[in-house]
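Q: I'd like to ask you about the structure that follows.
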Amino acid sequence: MKCYRTLVGCVLFFYTVVIHSQTPVYLNENRGIEERINDVIRRMTLDEKISVIHAQSKFSSRGVPRLGLPDFWTTDGPHGIRPDVLWDEWEQAGQTNDSCVAFPALTCLAATWNPTIAMLYGKSLGEEALYRGKDMVLGPGVNIYRTPLNGRNFEYLGEDPYLSSQMVAPYIEGLQSNGVAACVKHYALNNNEYKRSYTNIIISDRALHEIYLPAFYSAVTKGHTWGLMGAYNLYNNQHNCHNDFMLNKILKHDWKFDGVVISDWGGCHNTDEAVKNGLDIEFGTGTDGLHTGAKNLYDYYYLANPFKQGIKDGKYTMQQLDEKVRRVLRLFFRTTMNRNRGTGFLCSDSHYAAARKIANEGIVLLKNQRNLLPLKLTPKTKLLVVGENAIKMMTVGGGSSSLKVQREISPLAGIREACRVAGATCEYERGYVGDLGGTYNGVTTGQDLSEKRNTQQLIADAVKKAENADYVIFIGGLNKANHQDSESTDRLNYEIPYNQDKVIKAISKINKNIIFVNISGNAEGINFIDNVPAMIQAWYIGSEAGNAIADILTGKANPSGKLPFTWGKTLNDYGAHATGSYPGVFRSDKKYLDEKYKEDIYVGYRWTDKHNIKPLFAFGHGLSYTTFKLSNLRKSSERMAEGDSITFTINVKNIGKVAGAEVVQLYIHDDKCSIDRPEKELKGFQKVYLKPGQNKDVNITIDKTALGFWDETKDGWNYEKGSFKALVGNASDNITLKTSFKLM
C-alpha cells in the first residue's frame with residue numbers, strides 16, 4: 001500500500017508539474033519573497049484566493065494544495081500552546097500528545113522588567129508551537145491595565161505603555177525566530193471584557209496615541225510582528241476588526257505594517273467594511289463567523305462567498321482581494337513555506353527551566369516586616385499552609401488561554417518538597433471554598449474540590465492548626481472562574497472573594513507570622529494588609545508554580561519582580577472608576593454602549609500622582625532580600641538638540657548580604673508645557689544583578705521621543721523645547737535621584 005501511494009503521488013506530481021505546467025511554489029526559492037508572491041497571485045484562481053482569507057476550521061485557514069502551499073494553523077496560547085480542538089467545535093479533540101508547558105501569564109512576564117527574559121519566553125513558546133505544527137500563536141496581548149476589574153488583565157503587560165512596549169518586542173522576536181508568527185492582540189482599546197463586542201470607545205486622540213497604541217506600535221516597528229488581531233469592541237462607531245482609521249490609516253499607512261490583520265473569533269460583522277477597511281483573514285465561531293448555527297459553513301463567512309459574489313457583481317475589485325491575498329502569502333512564506341524552520345521541542349527540560357526562571361524573576365515581594373522572609377527551615381520548623389489556591393490547578397480555565405499541561409506543580413506540593421529537603425513539618429488546611437470547577441472545553445483538572453465543612457468550621461479548623469505553627473502561609477487571591485480572572489467576564493467587585501479576609505483576620509489573632517501569597521492577574525481590595533507582615537504577588541505562573549513559590553519563600557531565589565500596575569486601596573484609586581467612566585452607558589437601543597475614557601491619559605500612576613493618592617502598592621514597587629543603594633547620577637550632556645540623545649548613568653550597589661537584582665527606573669518630568677502633562681512618565685529602566693558588596697554603573701539612554709506629547713492641534717507628536725527633569729528610583733513612589741536637562 002505504501003508503494004502504491006508513492007507511485008500515485010509521483011504520477012500526480014508529474015501531471016501537475018510537467019503536463020499542467022504548474023510549478024509548485026517551493027521550487028522557486030532562489031527568487032525574492034515579493035517576486036514569488038506576485039507569481040503565485042497570477043496563478044491563483046478566484047476560488048483559491050477567497051479560500052486563503054477565511055477560516056476552514058476553528059483554528060485553520062486553507063492553503064493552495066495545487067501550488068504546494070500548506071494549510072495554515074493558528075493556536076491560542078500567549079502562555080502555552082492550547083490543546084487541539086475538533087475541526088468545527090470548541091471541545092478538545094481528545095489527543096494524547098497535545099499537552100504543553102504552561103509558562104507564567106504575561107502579567108508575571110511584565111513584572112520581571114527584563115526584556116531578555118521576554119526573549120527567552122517567546123523563543124521557548126515558539127519551540128512548543130513548532131513541534132505541535134502550529135504556524136501562528138494568537139498572542140501576546142498588550143492591552144492596557146485600565147481597570148482592575150478587567151477579567152483579562154492577566155494576559156496583558158500592565159498599565160504603562162513604555163514598559164509594555166519594551167517587553168513585547170523581544171517576546172515577538174523570540175517567538176518568530178522559530179518561523180512561527182506572533183499575532184499581537186487586541187488592537188485596540190479592548191480594556192475590559194464586559195459587553196466587549198458592543199462597547200464603543202470614546203477617547204481623545206492624545207490618550208489613544210500616548211497610552212493605548214505605543215505597545216502595538218513597538219510590536220510592529222521593533223518586534224516586526226507578522227500578525228495582528230483586531231479587537232471586539234468599536235472605536236468611533238466602527239468595529240475594530242474592520243475599522244478604517246485604526247487599520248488602514250494608522251496601522252497600514254502610518255506604521256507601514258506589512259503583515260496580516262486577523263479578526264478575533266466572531267469579530268467580523270459585515271462584508272463591506274471587512275473588504276474595505278483592512279481586515280485580511282476572517283476567523284469565527286459559527287456560521288457567519290459571529291453566531292452559532294449550522295456547522296462547517298465557512299464559505300458563508302463575510303470574506304467568503306459574499307465577497308466572491310461581490311467581485312462577480314462588480315461591487316468589489318480584484319485589486320481589493322489581491323491586497324489581502326498578498327499579505328496572506330507573505331505570511332505563508334515567513335512560516336509554512338520557510339524551509340529553514342526546525343522541528344521545535346515539546347515539554348523539554350529547558351522549557352520547564354525557562355518557566356521557572358520567568359516565574360522567579362516575576363514574583364513580587366510586596367511586604368516583608370520583621371524580615372519574616374525568607375523562611376529559615378529547620379527540622380524543628382512547623383509550617384501551616386492555608387487556602388484553596390494552594391491546591392487548585394490554575395492552568396485550566398480563564399478563557400482562550402486555558403491549557404492542557406503535562407504537569408502543574410501546586411504551591412502546596414512545592415512547599416512540601418522544600419520542607420522535606422529541610423526536614424521541616426508542613427500541614428494543610430483549606431480555610432475557604434472558592435471555585436469547585438475544573439473543566440474547560442473538555443479539558444479537566446481531575447481534581448475533586450468538593451467540601452462538606454461550612455465556612456465557620458473551615459475557619460475554626462485553620463485557626464486550631466495555626467496555634468502550633470511557626471509560620472502560616474496563606475495562599476489565596478483570585479482564580480479563573482467567571483467574574484474572576486477570565487475572558488468574557490469582568491469582576492463584579494474589587495474585594496478579595498470567598499471570605500478570605502475573615503480567615504486571615506481570625507488566624508492573625510493567634511499567630512502573627514502570616515505570609516500572604518496572592519495568586520491572581522489583578523489587584524484586589526486587601527482590607528487585612530495590617531494583619532499580614534509579609535506578602536508576595538505570585539501571579540498565575542503555570543507548570544512550575546509550586547517550585548517557583550517555594551524558591552521565593554525559602555530564599556532559594558531572591559525576589560526581583562516589580563509591579564507592572566498600580567495596586568489601589570479602593571476602586572476610586574483608578575481613574576476609570578473615579579470618573580464613573582467604566583463600564584459605559586447604554587444607548588437608547590440597549591444594544592451598544594458608549595464608554596468614554598474621561599480620565600484621558602491619566603491611567604495608573606499618572607492618575608495617583610495627579611491626585612496625590614497613596615496607593616496600597618505603587619507601580620514599579622517590589623522588595624528584595626537584600627538592599628540596594630542608587631547613587632552618583634550623571635548625564636552625558638546638559639542639552640539635547642535635534643537628533644541627539646542623553647545617557648544617564650547611575651551607580652547601583654548591593655549593600656546587603658545576599659545576591660540579588662534591582663530595577664533602576666527612569667521617569668521624565670516636563671517642567672513647563674503648553675498643555676497639562678503627567679507629573680512623571682516612565683521612559684527607561686534596566687535590571688542589574690549584583691553580588692553582596694558589588695556595584696555597577698547602569699546606563700539609560702533617551703532621545704527626544706521620550707519627551708514628546710501627542711498634539712491634537714497638529715495631529716502628531718510635539719517636542720516642545722524647554723527644561724526637563726530625569727527622576728531615578730526603584731519604584732514610582734521612591735524617587736531618590738534627580739537631575740535637570742534641556743531640549744534645545
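By order in the C-alpha cells, chains are A, B, ...; within a chain, residues start at 1; ligands start at 1, following the order shown.
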Give one line per residue of stretch 501-546 of chain A that approaches stretch 396-402 of chain A to at most 12 Å, naming the two atoms of the closest pair and their distance in Å to one decimal, counting only C-alpha atoms; sort by chain then ascending residue number and deliver it as a Markdown table.
A:
| residue | atom | partner | partner_atom | distance |
| --- | --- | --- | --- | --- |
| A:Ser520 | CA | A:Gly398 | CA | 11.3 |
| A:Gly521 | CA | A:Gly398 | CA | 10.8 |
| A:Tyr540 | CA | A:Gly398 | CA | 10.8 |
| A:Gly542 | CA | A:Val396 | CA | 9.9 |
| A:Ser543 | CA | A:Val396 | CA | 11.3 |
Q: Generate a file of the selected residues that holds N, CA, C and O atoms, formatted as a tab-separated table (two decimals), in the first residue's frame.
A:
chain	number	residue	atom	x	y	z
A	520	SER	N	-3.08	35.77	41.40
A	520	SER	CA	-4.06	36.49	40.59
A	520	SER	C	-3.34	37.17	39.44
A	520	SER	O	-2.12	37.21	39.39
A	521	GLY	N	-4.13	37.73	38.53
A	521	GLY	CA	-3.57	38.59	37.49
A	521	GLY	C	-4.00	40.02	37.69
A	521	GLY	O	-3.80	40.85	36.81
A	540	TYR	N	-0.33	33.97	38.05
A	540	TYR	CA	-0.59	32.62	37.55
A	540	TYR	C	0.69	32.20	36.84
A	540	TYR	O	1.01	32.72	35.77
A	542	GLY	N	1.85	28.94	36.12
A	542	GLY	CA	1.90	27.79	35.24
A	542	GLY	C	2.47	26.52	35.83
A	542	GLY	O	2.32	26.21	37.02
A	543	SER	N	3.16	25.77	34.98
A	543	SER	CA	3.61	24.42	35.32
A	543	SER	C	4.52	24.38	36.54
A	543	SER	O	4.49	23.44	37.33
Q: Which residues, written as a PyMOL selection string, have at least one atom at most 12 Å from A:Gln95, with only C-alpha atoms counted and residues fewer than 6 positions away on the same chain left out?
A: chain A and resi 82-86+132+404+442-443
Q: I need the residue nearest A:Ile81 from this list: A:Phe103, A:Tyr667, A:Phe216, A:Phe528. Use only C-alpha atoms for the distance.
A: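 Closest to A:Ile81 of all the choices is A:Phe103.
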Q: From a backbone DSSP assignment, name each residue in stretch 246-429 of chain A labelled strand (DSSP E or B), as an NGL selection string.
A: :A and (260-262 or 281-282 or 364-368 or 382-386 or 405 or 425-429)
Q: Mind the document's chain letters and residue numbers, and return as a PyMOL selection string the residues of stretch 172-204 of chain A that DSSP labels helix (DSSP H, G or I).
A: chain A and resi 172-176
Q: Could you turn the residues from that selection into a file that holds C-alpha atoms, as a PDB file, in the first residue's frame?
A:
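Output below, filename part.pdb:
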ATOM      1  CA  ILE A 172       7.839  38.611  19.359  1.00  0.00           C
ATOM      2  CA  GLU A 173      11.428  38.331  18.156  1.00  0.00           C
ATOM      3  CA  GLY A 174      11.981  35.177  20.211  1.00  0.00           C
ATOM      4  CA  LEU A 175       8.739  33.601  19.038  1.00  0.00           C
ATOM      5  CA  GLN A 176       9.230  34.413  15.349  1.00  0.00           C
TER       6      GLN A 176
END
